[in-house]
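Novice: To be precise about what I am sending: the file is called upload-v7.txt and holds compact mmCIF, C-alpha atoms and all ligand atoms.
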```
# COMPACT_ATOMS: atom_id res chain seq x y z
CA MET B 13 -16.68 -118.48 14.75
CA ALA B 14 -14.15 -121.23 14.13
CA LEU B 15 -16.61 -123.53 15.80
CA LEU B 16 -19.21 -123.09 13.11
CA SER B 17 -17.07 -124.01 10.16
CA ALA B 18 -15.50 -126.71 12.25
CA ALA B 19 -18.84 -128.29 13.00
CA ALA B 20 -19.43 -128.97 9.36
CA LEU B 21 -15.99 -130.49 8.94
CA THR B 22 -16.06 -132.70 11.99
CA ALA B 23 -19.60 -133.89 12.19
CA GLY B 24 -19.72 -134.57 8.48
CA GLY B 25 -23.12 -135.72 7.42
CA HIS B 26 -24.50 -135.21 10.88
CA ALA B 27 -23.93 -131.47 11.05
CA ALA B 28 -27.15 -130.28 9.50
CA LEU B 29 -29.16 -132.85 11.32
CA ALA B 30 -27.57 -132.15 14.67
CA ALA B 31 -28.13 -128.40 14.57
CA GLY B 32 -31.85 -128.64 14.90
CA ASP B 33 -32.00 -131.79 16.89
CA HIS B 34 -31.11 -131.16 20.50
CA GLY B 35 -31.56 -134.04 22.83
CA GLY B 36 -33.21 -136.29 20.30
CA GLY B 37 -31.88 -139.60 21.47
CA HIS B 38 -31.85 -141.63 18.30
CA GLY B 39 -29.21 -144.24 18.81
CA HIS B 40 -27.16 -145.06 15.74
CA GLY B 41 -26.12 -148.26 17.36
CA GLU B 42 -24.77 -149.87 14.25
CA LYS B 43 -22.25 -147.08 13.73
CA GLN B 44 -20.31 -148.17 16.76
CA ALA B 45 -19.34 -151.30 14.94
CA ASP B 46 -16.11 -149.71 13.77
CA ARG B 47 -14.91 -149.23 17.32
CA GLY B 48 -11.90 -151.35 18.04
CA HIS B 49 -10.68 -151.61 14.47
CA GLY B 50 -7.66 -149.62 15.51
CA THR B 51 -5.53 -148.72 12.56
CA GLY B 52 -7.73 -150.39 9.97
CA GLU B 53 -9.83 -148.42 7.57
CA HIS B 54 -10.69 -145.04 8.99
CA GLY B 55 -13.03 -143.71 6.36
CA HIS B 56 -15.19 -140.86 7.56
CA ALA B 57 -18.26 -142.74 6.39
CA SER B 58 -17.98 -145.25 9.19
CA ARG B 59 -17.40 -142.65 11.87
CA PRO B 60 -19.53 -143.28 14.94
CA ASP B 61 -21.96 -140.74 16.31
CA ILE B 62 -19.98 -139.01 19.07
CA GLY B 63 -22.26 -136.04 19.71
CA HIS B 64 -21.95 -132.65 18.06
CA ALA B 65 -20.57 -129.14 18.44
CA GLY B 66 -22.50 -127.49 21.24
CA ASP B 67 -24.27 -124.15 21.25
CA PRO B 68 -22.33 -121.89 23.67
CA SER B 69 -25.60 -120.17 24.64
CA GLU B 70 -27.05 -123.46 25.90
CA LEU B 71 -24.39 -124.58 28.35
CA ASP B 72 -25.22 -127.04 31.09
CA ARG B 73 -21.78 -127.07 32.59
CA THR B 74 -18.23 -125.74 32.37
CA VAL B 75 -15.22 -127.96 33.07
CA ASP B 76 -11.65 -126.74 33.44
CA VAL B 77 -9.01 -128.96 31.87
CA ILE B 78 -5.28 -128.49 32.43
CA MET B 79 -2.75 -129.99 30.02
CA LEU B 80 0.73 -130.84 31.27
CA ASP B 81 3.73 -132.79 29.84
CA ASN B 82 2.22 -135.40 29.31
CA ARG B 83 -1.02 -135.69 31.21
CA PHE B 84 -4.39 -134.13 31.80
CA GLU B 85 -5.96 -132.77 34.94
CA PRO B 86 -8.52 -134.15 35.66
CA GLU B 87 -7.53 -137.67 34.59
CA LYS B 88 -11.11 -138.74 33.82
CA LEU B 89 -14.42 -137.09 33.07
CA SER B 90 -17.94 -138.02 34.06
CA ILE B 91 -20.66 -136.36 32.03
CA GLN B 92 -24.43 -136.61 31.93
CA GLU B 93 -25.71 -137.85 28.59
CA GLY B 94 -27.26 -135.11 26.51
CA GLN B 95 -25.57 -132.22 28.30
CA THR B 96 -23.74 -129.39 26.57
CA VAL B 97 -20.37 -128.85 28.22
CA ARG B 98 -17.84 -126.08 27.77
CA PHE B 99 -14.28 -127.26 28.32
CA VAL B 100 -11.92 -124.44 29.19
CA VAL B 101 -8.57 -125.94 28.25
CA THR B 102 -5.23 -124.50 29.33
CA ASN B 103 -1.82 -125.74 28.25
CA LYS B 104 0.48 -125.38 31.25
CA GLY B 105 3.14 -127.66 29.78
CA ASN B 106 6.21 -126.86 27.68
CA LEU B 107 5.01 -128.78 24.62
CA VAL B 108 2.15 -128.43 22.15
CA HIS B 109 -0.87 -130.38 23.37
CA GLU B 110 -4.29 -131.28 22.08
CA PHE B 111 -7.61 -131.83 23.83
CA ASN B 112 -9.70 -134.07 21.60
CA ILE B 113 -13.04 -135.81 22.27
CA ALA B 114 -13.45 -138.99 20.21
CA THR B 115 -13.44 -142.78 20.21
CA ALA B 116 -10.20 -144.70 20.59
CA ALA B 117 -10.37 -145.63 16.88
CA MET B 118 -10.78 -141.97 15.87
CA HIS B 119 -7.85 -140.96 18.07
CA SER B 120 -5.75 -143.63 16.39
CA ALA B 121 -6.58 -142.26 12.94
CA HIS B 122 -5.91 -138.69 14.07
CA GLN B 123 -2.51 -139.68 15.44
CA GLU B 124 -1.46 -140.54 11.89
CA GLU B 125 -2.57 -137.10 10.69
CA MET B 126 -0.70 -135.39 13.50
CA MET B 127 2.43 -137.39 12.67
CA GLU B 128 2.15 -136.17 9.09
CA MET B 129 1.76 -132.59 10.32
CA MET B 130 4.93 -132.96 12.35
CA GLN B 131 6.85 -134.55 9.47
CA LYS B 132 5.84 -131.70 7.16
CA GLY B 133 6.93 -129.12 9.69
CA VAL B 134 3.44 -127.82 10.31
CA LEU B 135 3.66 -128.90 13.91
CA GLY B 136 6.72 -128.44 16.09
CA ALA B 137 7.33 -129.80 19.58
CA ASP B 138 6.35 -126.47 21.11
CA THR B 139 5.03 -124.52 18.11
CA ILE B 140 2.02 -124.65 15.81
CA HIS B 141 2.73 -123.17 12.37
CA HIS B 142 -0.78 -122.07 11.47
CA ASP B 143 0.52 -120.41 8.29
CA ARG B 144 2.05 -123.66 7.04
CA MET B 145 -1.17 -125.56 7.70
CA GLY B 146 -2.79 -123.63 4.89
CA GLU B 147 0.09 -124.35 2.50
CA HIS B 148 -0.26 -128.07 3.04
CA GLY B 149 -4.03 -128.03 2.92
CA MET B 150 -4.07 -129.17 6.51
CA ARG B 151 -6.36 -127.79 9.10
CA HIS B 152 -6.83 -128.38 12.75
CA ASP B 153 -10.09 -126.72 13.56
CA HIS B 154 -12.34 -129.67 14.20
CA ALA B 155 -15.10 -128.80 16.65
CA ASN B 156 -14.29 -131.75 18.89
CA SER B 157 -10.70 -130.71 19.53
CA ILE B 158 -8.33 -127.87 20.18
CA LEU B 159 -4.58 -127.70 19.68
CA LEU B 160 -2.66 -125.32 21.94
CA GLU B 161 0.88 -124.03 22.27
CA PRO B 162 2.47 -123.74 25.74
CA GLY B 163 0.69 -121.03 27.72
CA GLU B 164 -2.33 -120.89 25.45
CA SER B 165 -5.88 -121.63 26.43
CA GLY B 166 -9.07 -122.18 24.50
CA GLU B 167 -12.49 -123.73 24.55
CA VAL B 168 -14.34 -126.74 23.20
CA VAL B 169 -18.14 -126.76 23.50
CA TRP B 170 -19.58 -130.20 22.96
CA THR B 171 -23.07 -131.73 23.25
CA PHE B 172 -22.96 -135.34 24.42
CA ASP B 173 -26.12 -136.64 22.75
CA THR B 174 -24.48 -140.00 22.26
CA ASP B 175 -23.79 -143.23 24.03
CA ALA B 176 -20.50 -143.84 22.27
CA GLU B 177 -17.48 -144.95 24.23
CA LEU B 178 -15.44 -141.74 24.31
CA GLU B 179 -12.00 -140.71 25.46
CA PHE B 180 -10.37 -137.32 25.70
CA ALA B 181 -6.83 -137.45 24.43
CA CYS B 182 -3.83 -135.64 23.00
CA ASN B 183 -2.76 -137.00 19.62
CA VAL B 184 0.52 -135.12 19.28
CA PRO B 185 2.99 -137.88 18.31
CA GLY B 186 3.98 -139.92 21.34
CA HIS B 187 1.70 -138.23 23.83
CA TYR B 188 -1.25 -140.65 23.71
CA GLU B 189 1.11 -143.58 24.17
CA SER B 190 2.74 -141.91 27.14
CA GLY B 191 -0.61 -141.69 28.90
CA MET B 192 -2.14 -138.43 27.71
CA LYS B 193 -5.68 -139.77 27.55
CA GLY B 194 -8.60 -140.35 29.85
CA PRO B 195 -12.04 -141.94 29.77
CA ILE B 196 -15.27 -139.97 29.39
CA ARG B 197 -17.90 -141.78 31.37
CA LEU B 198 -21.40 -140.93 30.15
CA HIS B 199 -24.20 -141.43 32.63
CA GLN B 200 -27.97 -140.98 32.44
CU CU P 1 0.12 -133.74 24.41
```
Let's see the structure in the file written out as structure tokens.

Specialist:
Amino acid sequence: MALLSAAALTAGGHAALAAGDHGGGHGHGEKQADRGHGTGEHGHASRPDIGHAGDPSELDRTVDVIMLDNRFEPEKLSIQEGQTVRFVVTNKGNLVHEFNIATAAMHSAHQEEMMEMMQKGVLGADTIHHDRMGEHGMRHDHANSILLEPGESGEVVWTFDTDAELEFACNVPGHYESGMKGPIRLHQ
């Protein structure tokens, strides 16, 4: 249920379009232009097309992902373009970790948000204060990511109808820099 509301938030203008448009390979090539800008402008308008929230009843594949302090298992992912994949993510570390599917530029922007969450006490090293997220008008229920406390597990279902250059990563402050990221290789 969180996935539905999250789809609208994350996919922005693409949500309505994506819902009825499985496998339609229309390449928004020009949108990838903002890749590599790093910490420059990160307006949602220039967000590249990274796929959309998948329909759990149309799964092609399930992939188990383990999160540790501070790395992922597996270290890289290879996914067939267009497939809908369920990631079953388990946090076996002692810290809060995130599994997030996005471009490097999007991860960079999200790291700033996560830093703000930590500074405002919404996010602790090993605790997520869901109640405080509401107070600060902050949410972390984007369809392309999940944030988990130690011992928790959850799912992300994502349809890779995109040819964007994607990474999976944890954007908890310091974790990306310490290597908690991996490439998502999309193949035909
Ligand atoms: Cu992490």

Novice: Using only C-alpha atoms and all ligand atoms, determine which residues fall within 12 Å of ligand CU 1 (chain P), then list them as a ChimeraX atom specification.

Specialist: /B:78-84,102-112,123,126,136-138,158-162,180-193

Novice: Kindly give the distance, in Å, that separates CA of Phe172 (chain B) and CA of Gln92 (chain B), rounded to a single decimal.

Specialist: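 So the answer is 7.8 Å.
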
Novice: So how many Å separate CA of Met150 (chain B) and CA of Val168 (chain B), to one decimal?

Specialist: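 The value is 19.7 Å.
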
Novice: Which of these residues is nearest to Asp67 (chain B), using all atoms listed in the file: B:Ala176, B:Leu198, B:Val169, B:Val100?

Specialist: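 Distance minimum relative to Asp67 (chain B) lands on B:Val169.
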
Novice: Can you report as JSON the centre and edge lengths in Å, to one decimal, of an axis-aligned box around the listed atoms of region 175-185 of chain B padded with 8 Å on each side?

Specialist:
```
{"center_x": -10.4, "center_y": -140.0, "center_z": 22.0, "size_x": 42.8, "size_y": 25.8, "size_z": 23.4}
```

Novice: Work out how far CA of Met127 (chain B) is from CA of Glu177 (chain B), in Å to one decimal.

Specialist: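 Calculated distance between CA of Glu177 (chain B) and CA of Met127 (chain B) is 24.2 Å.
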
Novice: Quick one: of B:Glu93, B:Arg151, B:Arg98, B:Met130, who's nearest to Thr74 (chain B), counting only C-alpha atoms?

Specialist: B:Arg98

Novice: Check the smallest atom-to-atom distance from each of B:Gln200, B:Arg144, B:Ser120, B:Val134 to Asp175 (chain B) using all atoms listed in the file, then report the winner.

Specialist: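 Under the stated criterion, the closest residue is B:Gln200.
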
Novice: Could you tell me which of B:Met129, B:Ala114, B:Leu71, B:Ile91 comes closest to Gly146 (chain B) if we count all atoms listed in the file?

Specialist: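 Checking each candidate against Gly146 (chain B), we get B:Met129 as the closest.
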
Novice: Rebuild region 118-133 of chain B to N, CA, C and O atoms - output it as a compact mmCIF listing (two decimals), in the frame of the given file, please.

Specialist:
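Result file follows (out.txt):
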```
# COMPACT_ATOMS: atom_id res chain seq x y z
N MET B 118 -10.96 -143.29 16.49
CA MET B 118 -10.78 -141.97 15.87
C MET B 118 -9.46 -141.34 16.31
O MET B 118 -8.77 -140.70 15.52
N HIS B 119 -9.12 -141.49 17.59
CA HIS B 119 -7.85 -140.96 18.07
C HIS B 119 -6.69 -141.60 17.29
O HIS B 119 -5.74 -140.93 16.89
N SER B 120 -6.80 -142.92 17.10
CA SER B 120 -5.75 -143.63 16.39
C SER B 120 -5.55 -143.07 14.98
O SER B 120 -4.42 -142.84 14.54
N ALA B 121 -6.67 -142.82 14.29
CA ALA B 121 -6.58 -142.26 12.94
C ALA B 121 -5.99 -140.85 12.98
O ALA B 121 -5.18 -140.47 12.13
N HIS B 122 -6.39 -140.07 13.98
CA HIS B 122 -5.91 -138.69 14.07
C HIS B 122 -4.43 -138.65 14.41
O HIS B 122 -3.71 -137.72 14.01
N GLN B 123 -3.94 -139.65 15.12
CA GLN B 123 -2.51 -139.68 15.44
C GLN B 123 -1.68 -139.76 14.17
O GLN B 123 -0.59 -139.19 14.09
N GLU B 124 -2.19 -140.46 13.17
CA GLU B 124 -1.46 -140.54 11.89
C GLU B 124 -1.42 -139.18 11.21
O GLU B 124 -0.40 -138.77 10.64
N GLU B 125 -2.54 -138.45 11.28
CA GLU B 125 -2.57 -137.10 10.69
C GLU B 125 -1.61 -136.16 11.41
O GLU B 125 -0.92 -135.36 10.78
N MET B 126 -1.58 -136.27 12.73
CA MET B 126 -0.70 -135.39 13.50
C MET B 126 0.77 -135.71 13.22
O MET B 126 1.61 -134.81 13.17
N MET B 127 1.06 -137.00 13.02
CA MET B 127 2.43 -137.39 12.67
C MET B 127 2.82 -136.77 11.34
O MET B 127 3.93 -136.26 11.18
N GLU B 128 1.89 -136.77 10.40
CA GLU B 128 2.15 -136.17 9.09
C GLU B 128 2.37 -134.66 9.23
O GLU B 128 3.26 -134.08 8.59
N MET B 129 1.59 -134.03 10.09
CA MET B 129 1.76 -132.59 10.32
C MET B 129 3.15 -132.30 10.87
O MET B 129 3.79 -131.32 10.51
N MET B 130 3.61 -133.18 11.76
CA MET B 130 4.93 -132.96 12.35
C MET B 130 6.03 -133.20 11.31
O MET B 130 6.98 -132.44 11.23
N GLN B 131 5.84 -134.24 10.49
CA GLN B 131 6.85 -134.55 9.47
C GLN B 131 6.95 -133.44 8.43
O GLN B 131 8.01 -133.19 7.88
N LYS B 132 5.84 -132.77 8.15
CA LYS B 132 5.84 -131.70 7.16
C LYS B 132 6.20 -130.34 7.77
O LYS B 132 6.15 -129.32 7.09
N GLY B 133 6.52 -130.36 9.05
CA GLY B 133 6.93 -129.12 9.69
C GLY B 133 5.81 -128.17 10.03
O GLY B 133 6.03 -127.01 10.35
```
